[in-house]
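What follows is a single structure, written as structure tokens, with notes after it.
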Amino acid sequence: MTAPETAFITGANGGIGSALARKLSAAGTRLVLAGRNESRLTALASELGVKGLVCDFTKPEQVENCVNGALFELGTIEAAAHCIGSILLKPAHLTSIEEWRSTIDTNLNSAFYLLNQLGRPMSKSGGSIAFVTSAAAEKGLSNHEAIAAAKAGVAGLTRAAAATYAKNKLRVNCVAPGLTDTPLAAPITGNESARKFSEAMHPLGRLGTAEEIASALFFLLSPDNTWITGHSLCVDGGLSSLQTK
Ligand SMILES: NC(=O)c1ccc[n+]([C@@H]2O[C@H](COP(=O)([O-])OP(=O)(O)OC[C@H]3O[C@@H](n4cnc5c(N)ncnc54)[C@H](OP(=O)(O)O)[C@@H]3O)[C@@H](O)[C@H]2O)c1
């Protein structure tokens, strides 16, 4: 598959973000990586020989500086992937207001802040933006109220932005993963019974890998797929759409 010439990846030192960074780098894409954890970001950026920009994506002024830095480095951003997120598994009545706000801030507000900064430059050049939502945005999963609301918000943002920027040849899509073996899922995957329960929830009988989610993001970012926009690509072992029992 053809790789984009340039790409900006947020959450680049996370499980899915780093898998995508390695895939795009191997395919020859010029990259700028953004992340919050300076030491992990610097390690990945120097491994790949690219620029790493430290940014807390819940802070709009930092996002503005970060996007400007990426534009300065790359000239034009052809592809952008937002791989930032958190997980919160609690029923609404046990979710504190602080946890709710933090979940919305990390998952939904960060996505808007990115789009808010990329919309102008990328609507001039065209290209592709991919967000990462969740199977919880596609199907009602118990104890997922805050994260489902945040990720469904990102899915709505994706579709509206896809409509707005279609005339500019700027495509906006999202990937909706099921439970994927990354540091984010460690509280579940680190517990044997919780892991087995989660594997059994997925019709294909296992968790996803960061590489599988990164492959789907690569697909949406590739200039081979310029007829796809406003789409939510479920990469979830069938979790959101199949019932096997
Ligand atoms: N893994 C799953 O089961 C799963 C399922 C559905 C959806 N997703 C989504 O997939 C995406 C990637 O997650 P992952 O699985 O790769 O998890 P991960 O390894 O924990 O990566 C998430 C990244 O987000 C970064 N981040 C969080 N808040 C941030 C902020 N305010 N500013 C900048 N960076 C911030 C984290 O930075 P630090 O390193 O500084 O913490 C981390 O690098 C997320 O959108 C997540 O919601 C994952």
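Chains: A, B, ... in order of the structure tokens. Residues: from 1 per chain. Ligands: from 1, in order shown.
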Shell of 6 Å around ligand 1 (only C-alpha atoms and all ligand atoms), written as a PyMOL selection string: chain A and resi 11+13-17+35-37+55-58+83-86+106+132-134+177-185
May I have a table of the residues of range 142-174 of chain A lying at most 8 Å from range 116-124 of chain A, giving each one's closest pair of atoms and their distance in Å to one decimal, counting only C-alpha atoms, ordered by chain and ascending residue number, as CSV?
```
residue,atom,partner,partner_atom,distance
A:Tyr165,CA,A:Ser123,CA,6.4
A:Asn168,CA,A:Ser123,CA,5.2
A:Lys169,CA,A:Ser123,CA,7.4
A:Leu170,CA,A:Ser123,CA,5.9
```
I'd like the neighbourhood of range 49-54 of chain A as a PyMOL selection string, where a residue qualifies if any of its atoms comes within 7 Å (using only C-alpha atoms), though same-chain residues fewer than 3 positions away should be ignored. chain A and resi 31-36+38+41-42+45-46+66
Backbone-only DSSP, alpha helix (DSSP H) members of range 174-238 of chain A, as a PyMOL selection string: chain A and resi 186-189+192-201+210-221
Quick one: pick out all strand (DSSP E or B) residues within range 189-236 of chain A from a backbone DSSP run and write them as a ChimeraX atom specification. /A:208-209,232-235
Show me, as a ChimeraX atom specification, the residues that have an atom within 12 Å of Val235 in chain A when counting only C-alpha atoms, minus same-chain residues fewer than 2 positions from it. /A:132-136,138,174-180,202-204,207-217,232-233,237-241
Contacts of Gly156 in chain A within 12 Å, only C-alpha atoms, excl. fewer than 2 positions in-chain, as a ChimeraX atom specification: /A:108,111-112,131,133,137-138,149-154,158-163,172-174,230-232
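Straight-line separation from CA of Asp224 in chain A to CA of Phe72 in chain A: 25.9 Å.
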For range 2-6 of chain A, list every protein, DNA or RNA residue within 7 Å, evaluated using only C-alpha atoms, and leave out those in the same chain fewer than 4 positions away; present the list as JSON, numbers by chain. {"A": [24, 27, 29, 30, 31, 74, 77, 78, 79, 221, 222, 223, 224]}
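CA of Ser125 in chain A is found 11.8 Å from CA of Leu71 in chain A.
Of the listed residues (A:Ala26, A:Ala92, A:Ala186, A:Ala80), A:Ala92 comes nearest to Ser142 in chain A; the distances count only C-alpha atoms.
For the atom pair formed by CA of Ile129 in chain A and CA of Ile87 in chain A, the distance is 22.2 Å, given to one decimal.
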